[in-house]
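*Asks:* Below: one structure in structure tokens.
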Amino acid sequence: QECQNLIFSLLSEKDFTGKKPLQLPRILVLSQHTPTRDSDIILASLPKSGTTWLKALAFAVVHRNKYAPNLESHPLLSDNPHNLVRFLELDLYVKNQCPGLEELPSPRIFATHMPFQTLHESLRDSPCKVVYVCRDIKDVLVSRWHFRSKLVSNYSLEDIIDEYIKGVCFFGPFQEQVLSYWKESLVNSNPVLFMRYEEMIENPDAQVIRLADFLGCSFSEEEKQSGMVEKILELCSFGNLSNLETNKTGTSVCGVAPHAFFRKGGVGDWKNHLTDDMARKLDEMVKKKLEGSGLKFE
Ligand code: A3P
């Protein structure tokens, strides 16, 4: 059933350019590009959940020593997070944009939008670390609507709500995807860290420390005293990244202009777009699916 939902979603949505339907083979890609090093890190999310931010944070945290103490000349100052952390399914397979995978130093960081069930089975038994970020469905939907409206003409909020209610959304129905990673995060044998965009906004320091601890590169007391956590948060902040020349005018990433990944940021923009009725429908759909799982979106 999960597989059917996913196939349905992939075939019914359009690709990034909004021109051609996604093709079935994309479902198989992860088995061909499975991370093979125990130290590999996978960042997982649904589009519009904070992927760009998580990519920047994870990259900055893992590679901080190379650019310490002030993070001057950090690659994030001159390159988009999506170029520094590649999508397994989009960049590596479809476009083959990342040659020399073997030469990348450990730990390598990859990203995926695929549901957990579709990751290669060897990954589930490996010590590779997976970080998942989720966000309230209403903000995800509004963010995605803005993003796609630039690519697809006459795309109304009613259209996208209808798609989400039917479970037709990029990389699978929202609630299925979130649940797939949530369940894995509860199983001790699989190192999956479950993060929330809203908590990252509310308490970024605590969340970035949590991320570093999980990735096995905790901040030392000395680093904390010297303000390294704050420096990383500032480097990866919406204000900083969205104002960098490279992200304003740079060449396209994942088929879209780099600035398209930075719209407004923050929590609750859905209130400016959705009616109470629309919001209730979406909330109820998610609540029903998540019932009994222990996962809640308040
Ligand atoms: P909005 O459209 O609500 O502004 P993704 O990276 O998964 O595509 O998610 C994009 C969303 O994350 C957009 O949300 C974007 O503005 C927001 N975003 C991008 N970079 C961010 C950052 N550094 N901090 C907070 N939010 C960020």
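All residue names refer to the structure tokens as shown: chains lettered A, B, ... in order, residues numbered from 1 in each chain, ligands numbered from 1 in order.
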Can you pull out every residue with an atom within 7 Å of ligand 1? Use only C-alpha atoms and all ligand atoms and format it as a ChimeraX atom specification.

*Replies:* /A:45-53,139-140,142-144,146,236-238,241,261-266,269

*Asks:* Next, the residues of the selection above should be written as a short mmCIF file (atom, residue, chain, number, x, y, z; two decimals), in the first residue's frame with C-alpha atoms.

*Replies:*
data_model
loop_
_atom_site.label_atom_id
_atom_site.label_comp_id
_atom_site.auth_asym_id
_atom_site.auth_seq_id
_atom_site.Cartn_x
_atom_site.Cartn_y
_atom_site.Cartn_z
CA SER A 45 12.72 15.45 4.68
CA LEU A 46 9.74 16.30 2.57
CA PRO A 47 10.32 19.28 0.30
CA LYS A 48 9.55 22.58 2.06
CA SER A 49 10.13 21.20 5.52
CA GLY A 50 13.46 22.91 6.13
CA THR A 51 15.76 20.78 3.99
CA THR A 52 17.95 23.69 2.90
CA TRP A 53 18.41 24.82 6.49
CA ASP A 139 3.26 25.58 6.39
CA VAL A 140 4.71 22.90 4.12
CA VAL A 142 1.76 26.96 1.66
CA SER A 143 5.51 26.97 1.06
CA ARG A 144 5.17 24.37 -1.68
CA HIS A 146 4.40 29.39 -3.53
CA CYS A 236 23.08 29.18 8.43
CA SER A 237 20.38 31.69 9.31
CA PHE A 238 17.69 32.59 6.85
CA LEU A 241 21.90 32.66 3.50
CA PHE A 261 14.69 27.97 -1.54
CA PHE A 262 14.46 31.08 0.62
CA ARG A 263 11.02 32.66 0.73
CA LYS A 264 10.01 33.90 4.16
CA GLY A 265 11.02 31.34 6.78
CA GLY A 266 9.35 31.03 10.16
CA ASP A 269 2.54 31.72 7.48
#

*Asks:* Output as CSV one row per residue of range 136-189 of chain A within 8 Å of range 271-292 of chain A: the closest atom pair and its distance in Å to one decimal place, counting only C-alpha atoms, sorted by chain and residue number ascending.

*Replies:*
residue,atom,partner,partner_atom,distance
A:Ile137,CA,A:Leu282,CA,7.3
A:Lys138,CA,A:Ala279,CA,6.8
A:Val142,CA,A:His273,CA,7.3
A:Ile161,CA,A:Met278,CA,7.7
A:Ile165,CA,A:Leu282,CA,7.1
A:Gln175,CA,A:Val286,CA,5.7
A:Glu176,CA,A:Lys289,CA,7.9
A:Leu179,CA,A:Leu290,CA,7.1

*Asks:* Those residues you just picked out, can you put them in a file as an mmCIF file, in the first residue's frame with N, CA and C atoms?

*Replies:*
data_model
loop_
_atom_site.group_PDB
_atom_site.id
_atom_site.type_symbol
_atom_site.label_atom_id
_atom_site.label_comp_id
_atom_site.auth_asym_id
_atom_site.auth_seq_id
_atom_site.Cartn_x
_atom_site.Cartn_y
_atom_site.Cartn_z
ATOM 1 N N ILE A 137 2.158 20.493 8.399
ATOM 2 C CA ILE A 137 1.684 20.296 7.019
ATOM 3 C C ILE A 137 1.175 21.595 6.395
ATOM 4 N N LYS A 138 0.590 22.460 7.196
ATOM 5 C CA LYS A 138 -0.023 23.669 6.634
ATOM 6 C C LYS A 138 1.058 24.628 6.114
ATOM 7 N N VAL A 142 1.726 25.566 2.140
ATOM 8 C CA VAL A 142 1.759 26.960 1.663
ATOM 9 C C VAL A 142 3.108 27.261 1.004
ATOM 10 N N ILE A 161 -4.405 21.816 -2.037
ATOM 11 C CA ILE A 161 -5.060 21.178 -0.884
ATOM 12 C C ILE A 161 -5.716 19.875 -1.335
ATOM 13 N N ILE A 165 -4.846 16.234 0.181
ATOM 14 C CA ILE A 165 -5.904 15.414 0.796
ATOM 15 C C ILE A 165 -5.952 14.046 0.101
ATOM 16 N N GLN A 175 1.657 12.537 5.615
ATOM 17 C CA GLN A 175 1.556 11.804 6.885
ATOM 18 C C GLN A 175 2.268 10.451 6.843
ATOM 19 N N GLU A 176 2.288 9.817 5.664
ATOM 20 C CA GLU A 176 2.986 8.526 5.525
ATOM 21 C C GLU A 176 4.493 8.723 5.709
ATOM 22 N N LEU A 179 5.484 9.699 9.299
ATOM 23 C CA LEU A 179 5.319 8.535 10.170
ATOM 24 C C LEU A 179 6.428 7.503 9.938
#

*Asks:* Do you have the CA of Ile42 in chain A-CA of Lys129 in chain A distance handy?

*Replies:*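 These two atoms are separated by 6.2 Å.
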
*Asks:* Which residue is closest to Glu199 in chain A? Choose from A:Met228, A:Cys169, A:Cys134, A:Val85 and count only C-alpha atoms.

*Replies:*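 Ranked by minimum distance to Glu199 in chain A, first place goes to A:Cys134.
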
*Asks:* Report as a compact mmCIF listing (two decimals) with N, CA and C atoms, in the first residue's frame all protein, DNA and RNA residues lying within 12 Å of Ser185 in chain A, evaluated on only C-alpha atoms, omitting residues in the same chain fewer than 2 positions from it.

*Replies:*
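File produced: around_6.txt:
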# COMPACT_ATOMS: atom_id res chain seq x y z
N PHE A 116 11.22 6.48 4.35
CA PHE A 116 12.20 5.55 4.92
C PHE A 116 12.09 4.17 4.29
N ARG A 124 19.35 0.24 6.44
CA ARG A 124 18.64 0.06 7.72
C ARG A 124 19.47 -0.71 8.73
N LYS A 129 24.01 7.45 9.94
CA LYS A 129 23.07 8.25 10.74
C LYS A 129 22.09 8.96 9.82
N VAL A 130 20.83 8.94 10.21
CA VAL A 130 19.77 9.59 9.43
C VAL A 130 19.15 10.69 10.28
N VAL A 131 19.08 11.90 9.70
CA VAL A 131 18.41 13.00 10.40
C VAL A 131 17.17 13.38 9.59
N TYR A 132 16.04 13.37 10.23
CA TYR A 132 14.81 13.73 9.54
C TYR A 132 14.28 15.05 10.09
N VAL A 133 13.87 15.94 9.19
CA VAL A 133 13.24 17.17 9.66
C VAL A 133 11.81 17.24 9.11
N VAL A 178 6.17 11.27 7.16
CA VAL A 178 6.56 11.69 8.50
C VAL A 178 6.53 10.49 9.43
N LEU A 179 5.48 9.70 9.30
CA LEU A 179 5.32 8.54 10.17
C LEU A 179 6.43 7.50 9.94
N SER A 180 6.84 7.37 8.67
CA SER A 180 7.86 6.35 8.37
C SER A 180 9.15 6.65 9.14
N TYR A 181 9.54 7.92 9.19
CA TYR A 181 10.77 8.27 9.91
C TYR A 181 10.54 8.33 11.42
N TRP A 182 9.36 8.76 11.82
CA TRP A 182 9.05 8.82 13.25
C TRP A 182 9.19 7.44 13.87
N LYS A 183 8.59 6.44 13.21
CA LYS A 183 8.64 5.07 13.74
C LYS A 183 10.09 4.61 13.87
N VAL A 187 13.03 3.28 17.18
CA VAL A 187 13.69 1.98 17.26
C VAL A 187 15.17 2.19 17.56
N ASN A 188 15.64 1.62 18.63
CA ASN A 188 17.02 1.88 19.05
C ASN A 188 18.07 1.45 18.04
N SER A 189 17.76 0.38 17.29
CA SER A 189 18.79 -0.15 16.40
C SER A 189 19.07 0.77 15.21
N ASN A 190 18.13 1.65 14.89
CA ASN A 190 18.35 2.55 13.75
C ASN A 190 18.66 3.96 14.24
N PRO A 191 19.84 4.47 13.90
CA PRO A 191 20.14 5.82 14.34
C PRO A 191 19.40 6.87 13.50
N VAL A 192 18.19 7.21 13.93
CA VAL A 192 17.40 8.24 13.23
C VAL A 192 17.06 9.35 14.22
N LEU A 193 17.50 10.55 13.90
CA LEU A 193 17.16 11.71 14.75
C LEU A 193 15.98 12.43 14.12
N PHE A 194 14.94 12.62 14.89
CA PHE A 194 13.72 13.27 14.39
C PHE A 194 13.71 14.72 14.86
N MET A 195 13.74 15.63 13.89
CA MET A 195 13.76 17.06 14.25
C MET A 195 12.51 17.75 13.72
N PHE A 214 24.14 14.06 18.12
CA PHE A 214 23.70 12.88 17.37
C PHE A 214 24.72 12.50 16.29
N SER A 293 0.46 6.95 17.44
CA SER A 293 1.89 6.85 17.13
C SER A 293 2.75 7.61 18.15
N GLY A 294 2.12 8.49 18.89
CA GLY A 294 2.88 9.32 19.84
C GLY A 294 3.37 10.61 19.20
N LEU A 295 3.21 10.73 17.88
CA LEU A 295 3.63 11.95 17.18
C LEU A 295 2.43 12.88 17.03

*Asks:* How would you write, as a PyMOL selection string, the set of residues in range 99-134 of chain A that DSSP gives as helix (DSSP H, G or I)?

*Replies:* chain A and resi 101-103+116-118+121-125

*Asks:* What does the distance between CA of Ser126 in chain A and CA of Leu54 in chain A come to in Å, to one decimal place?

*Replies:*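 Computed distance, CA of Ser126 in chain A to CA of Leu54 in chain A, equals 21.9 Å.
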
*Asks:* For CA of Arg196 in chain A and CA of Arg64 in chain A, determine how far apart the two atoms are, in Å to one decimal place.

*Replies:*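 Computing the Euclidean distance for CA of Arg196 in chain A and CA of Arg64 in chain A yields 22.8 Å.
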
*Asks:* Between A:Ser106, A:Gly239, A:Glu202, A:Val256, which residue has the minimum interatomic distance to Lys150 in chain A, considering only C-alpha atoms?

*Replies:*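 Of the candidates, the smallest distance to Lys150 in chain A is held by A:Val256.
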
*Asks:* Counting only C-alpha atoms, figure out which residue out of A:Glu223, A:Glu89, A:Asp205, A:Glu298 gets nearest to Cys254 in chain A.

*Replies:* A:Glu89

*Asks:* Tell me, as number ranges by chain, which residues lie within 8 Å of Leu77 in chain A, counting only C-alpha atoms; anything in the same chain fewer than 2 positions away does not count.

*Replies:* A: 73-75, 79, 235, 241, 244, 246

*Asks:* When distances are computed from only C-alpha atoms, which of A:Phe110, A:Arg135, A:Phe170, A:Asp40 shows the smallest separation from Lys296 in chain A?

*Replies:*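 Closest candidate: A:Arg135.
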
*Asks:* Name all residues at most 6 Å from Pro81 in chain A (count only C-alpha atoms; drop same-chain ones fewer than 3 positions away) and give them as number ranges by chain.

*Replies:* A: 55-56, 84

*Asks:* Print the selection's residues with N, CA and C atoms to a file, as a short mmCIF file (atom, residue, chain, number, x, y, z; two decimals), in the first residue's frame.

*Replies:*
data_model
loop_
_atom_site.label_atom_id
_atom_site.label_comp_id
_atom_site.auth_asym_id
_atom_site.auth_seq_id
_atom_site.Cartn_x
_atom_site.Cartn_y
_atom_site.Cartn_z
N LYS A 55 20.48 21.08 5.69
CA LYS A 55 21.71 20.81 4.93
C LYS A 55 22.81 21.76 5.38
N ALA A 56 22.46 23.04 5.48
CA ALA A 56 23.47 24.03 5.88
C ALA A 56 23.98 23.74 7.29
N LEU A 84 26.33 21.69 -1.80
CA LEU A 84 27.28 21.10 -0.85
C LEU A 84 26.80 19.76 -0.33
#

*Asks:* Would you mind telling me which residue in A:Lys66, A:Glu230, A:Phe171, A:Leu76 lies nearest to Asn203 in chain A when using only C-alpha atoms?

*Replies:* A:Glu230

*Asks:* Pick out each residue of range 120-235 of chain A that DSSP on the backbone tags as strand (DSSP E); I need them as a list of chain:residue names.

*Replies:*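 Filtering range 120-235 of chain A down to strand (DSSP E) leaves A:Lys129, A:Val130, A:Val131, A:Tyr132, A:Val133, A:Cys134, A:Val192, A:Leu193, A:Phe194, A:Met195, A:Arg196.
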